[in-house]
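Here the structure comes first, spelled out in structure tokens, and everything after it is commentary.
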Amino acid sequence: MSKYKVIFLLLVFSSSVMGQENTDTIPKIGLSTITQANQGNSYFTFPTDIGNIEPLWFEGNLIPNFHIRTSEDARVMGVLTPQIIIRMYREESFPVRTPSYMPQLTVYYLLSSKYKANSFSSFGRIAHHSNGQEGNFYLDNGDINLLSGNFTTNYFELGFIKTNYSKKINAVKFLSTSVEIHPKKITSDELDNVYSLYRWNTIFSIFKLPDNKEKAMFSFKGKTTLMFGSINSVDDLSLDRLNLTITLFYHPDFLEDIGLFAQIYSGQDYYNIYFDHKINIIRFGIMTEKLRF
């Protein structure tokens, strides 16, 4: 038997042994867990924002996800999400102005084996974003009408998700990348040339698993969005086209469904018609991120 055949057989044997070891020790990560990690989390912030955002009592992001699937181990899954973001301002009567209504339908497809820890998935999303107002977009002086100006856009998003388990640090990692397109025909005319209609989103997250537990007590999530197309007079290579979010989450044992988070955000304001504002903030609050592996 030649030395090449011996090497080949040894490689096959060692890979099968390693594969068996990984199967016994790594967590099973189904499509349901992948969708939860990619859909985002409900949260409420404390009135302690540090930065240049308007004084708020809180910002609330409500993301109830309704899963549509044929079975527990389905390779295809739909998620219906009636997302709403609200801000209560620290002003007289505590107004909640122009909430962001963001309903969306997302379909996920698992490209690799079911419940494999190291997997590859794809997703497609149809989404709407508006503020429920019908007033003129601009005021008489040319400023954007933040109180009652109409803001409406619809978009498509296509992307991929790489899931990986690291035995060395006992953590599950997700890397997703997607392209977001806002067709002009289904977007407010006033947003043309002032609002980015083409965006590239990248999200990297790590969920640290404690020993002998299924829930992640610590997680880290970083998200970048690069905005393309005409945006007022912003240069194509300007950092103003970059949105950056970094979120740290901690789930203590005494809290069942919620945990504490700290977040840094820098970039275009994501609160509907406030998009013309550039904000840099540090915030704290409570969040629901109860992934089970």
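Just so we're on the same page: first chain in the structure tokens is A, next is B, and so on; residues restart at 1 for each chain, and ligands are numbered from 1 in the order they show up.
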
Run DSSP on the backbone and tell me which residues of stretch 83-276 of chain A come out as helix (DSSP H, G or I); list them as a VMD selection string.
chain A and resid 184 to 186 189 to 191 239 to 241 272 to 276

Contact check, stretch 189-260 of chain A to stretch 138-161 of chain A, at most 12 Å, counting only C-alpha atoms, closest pairs as a Markdown table:
```
| residue | atom | partner | partner_atom | distance |
| --- | --- | --- | --- | --- |
| A:Asp189 | CA | A:Thr152 | CA | 9.2 |
| A:Glu190 | CA | A:Phe151 | CA | 8.5 |
| A:Leu191 | CA | A:Phe151 | CA | 8.1 |
| A:Asp192 | CA | A:Thr153 | CA | 10.6 |
| A:Val194 | CA | A:Ile144 | CA | 11.1 |
| A:Tyr195 | CA | A:Thr153 | CA | 9.9 |
| A:Ser196 | CA | A:Thr153 | CA | 10.8 |
| A:Leu197 | CA | A:Tyr155 | CA | 8.5 |
| A:Tyr198 | CA | A:Tyr155 | CA | 9.3 |
| A:Arg199 | CA | A:Glu157 | CA | 9.2 |
| A:Trp200 | CA | A:Glu157 | CA | 9.4 |
| A:Asn201 | CA | A:Gly159 | CA | 8.8 |
| A:Thr202 | CA | A:Gly159 | CA | 9.4 |
| A:Ile203 | CA | A:Ile161 | CA | 9.1 |
| A:Phe204 | CA | A:Ile161 | CA | 9.7 |
| A:Ser205 | CA | A:Ile161 | CA | 11.0 |
```

Export of prior selection with C-alpha atoms as an mmCIF file, in the first residue's frame:
```
data_model
loop_
_atom_site.group_PDB
_atom_site.id
_atom_site.type_symbol
_atom_site.label_atom_id
_atom_site.label_comp_id
_atom_site.auth_asym_id
_atom_site.auth_seq_id
_atom_site.Cartn_x
_atom_site.Cartn_y
_atom_site.Cartn_z
ATOM 1 C CA ASP A 189 -40.660 60.945 -3.645
ATOM 2 C CA GLU A 190 -39.211 63.375 -1.103
ATOM 3 C CA LEU A 191 -36.664 60.763 0.022
ATOM 4 C CA ASP A 192 -35.044 60.622 -3.405
ATOM 5 C CA VAL A 194 -31.651 62.620 0.510
ATOM 6 C CA TYR A 195 -32.159 59.090 1.882
ATOM 7 C CA SER A 196 -29.990 56.085 1.035
ATOM 8 C CA LEU A 197 -31.991 53.609 -1.070
ATOM 9 C CA TYR A 198 -29.203 50.991 -1.194
ATOM 10 C CA ARG A 199 -27.579 49.578 1.929
ATOM 11 C CA TRP A 200 -25.164 46.814 2.862
ATOM 12 C CA ASN A 201 -25.723 45.373 6.349
ATOM 13 C CA THR A 202 -23.255 43.180 8.238
ATOM 14 C CA ILE A 203 -23.922 41.721 11.704
ATOM 15 C CA PHE A 204 -21.493 39.720 13.835
ATOM 16 C CA SER A 205 -22.664 38.290 17.149
#
```

Please determine, counting only C-alpha atoms, which residue among A:Thr225, A:Tyr101, A:Lys116, A:Phe123 has the shortest atom-to-atom distance to A:Met77.
A:Phe123

Show which residues sit within 10 Å of stretch 37-40 of chain A, as a compact mmCIF listing (two decimals) with C-alpha atoms, in the first residue's frame. Count only C-alpha atoms, and ignore same-chain residues fewer than 4 positions away.
```txt
# COMPACT_ATOMS: atom_id res chain seq x y z
CA LEU A 31 -33.35 27.24 12.16
CA SER A 32 -35.57 28.63 14.91
CA THR A 33 -32.51 29.73 16.91
CA ASN A 61 -38.22 48.70 20.35
CA LEU A 62 -41.04 46.13 20.19
CA ILE A 63 -40.28 43.09 18.03
CA PRO A 64 -42.77 40.26 18.53
CA ASN A 65 -41.82 37.48 16.11
CA VAL A 79 -41.23 35.02 10.43
CA THR A 81 -42.77 40.74 12.64
CA GLN A 83 -42.04 45.89 14.69
CA THR A 106 -38.83 37.23 6.45
CA PHE A 123 -32.99 34.78 3.99
CA ILE A 161 -26.02 33.79 7.65
CA LYS A 173 -21.15 32.85 16.55
CA PHE A 174 -23.34 34.28 13.80
CA LEU A 175 -22.18 36.31 10.82
CA SER A 176 -24.82 37.72 8.50
CA ILE A 203 -23.92 41.72 11.70
CA PHE A 204 -21.49 39.72 13.83
CA SER A 205 -22.66 38.29 17.15
CA ILE A 206 -21.28 35.96 19.82
CA PHE A 207 -23.33 34.17 22.47
CA LYS A 221 -23.31 42.05 18.74
CA THR A 288 -35.14 40.32 25.71
CA GLU A 289 -32.47 37.99 24.35
CA LYS A 290 -33.27 34.53 25.66
CA LEU A 291 -31.77 32.29 23.01
```

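Using only C-alpha atoms, the shortest contact distance between A:Glu256 and any of A:Met217, A:Arg241, A:Asn164, A:Val96 is found at A:Met217.
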
Please provide as a VMD selection string all residues within 12 Å of A:Glu59, with the sequence filter that same-chain residues fewer than 2 positions apart are discarded (counting only C-alpha atoms).
chain A and resid 42 to 49 53 to 57 61 to 62 84 to 90 96 to 97 99 to 100 270 to 271 283 to 287

Under the rule that only C-alpha atoms are counted, which of A:Asn193, A:Phe94, A:Leu111, A:Ser119 is the nearest residue to A:Asn232?
A:Asn193

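Atom CA of A:Val172 sits 7.6 Å away from atom CA of A:Leu209.
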
Mind giving me the straight-line distance from atom CA of A:Met227 to atom CA of A:Leu242 in Å, one decimal?
6.5 Å

Which one of A:Gly30, A:Asp257, A:Ile282, A:Ser188 sits closest to A:Ser71 if you count only C-alpha atoms?
A:Gly30

For A:Ser113, find every residue with an atom within 12 Å (counting only C-alpha atoms), except residues of its own chain fewer than 2 positions away, and show them as a ChimeraX atom specification.
/A:28-31,73-75,109-111,115-121,163
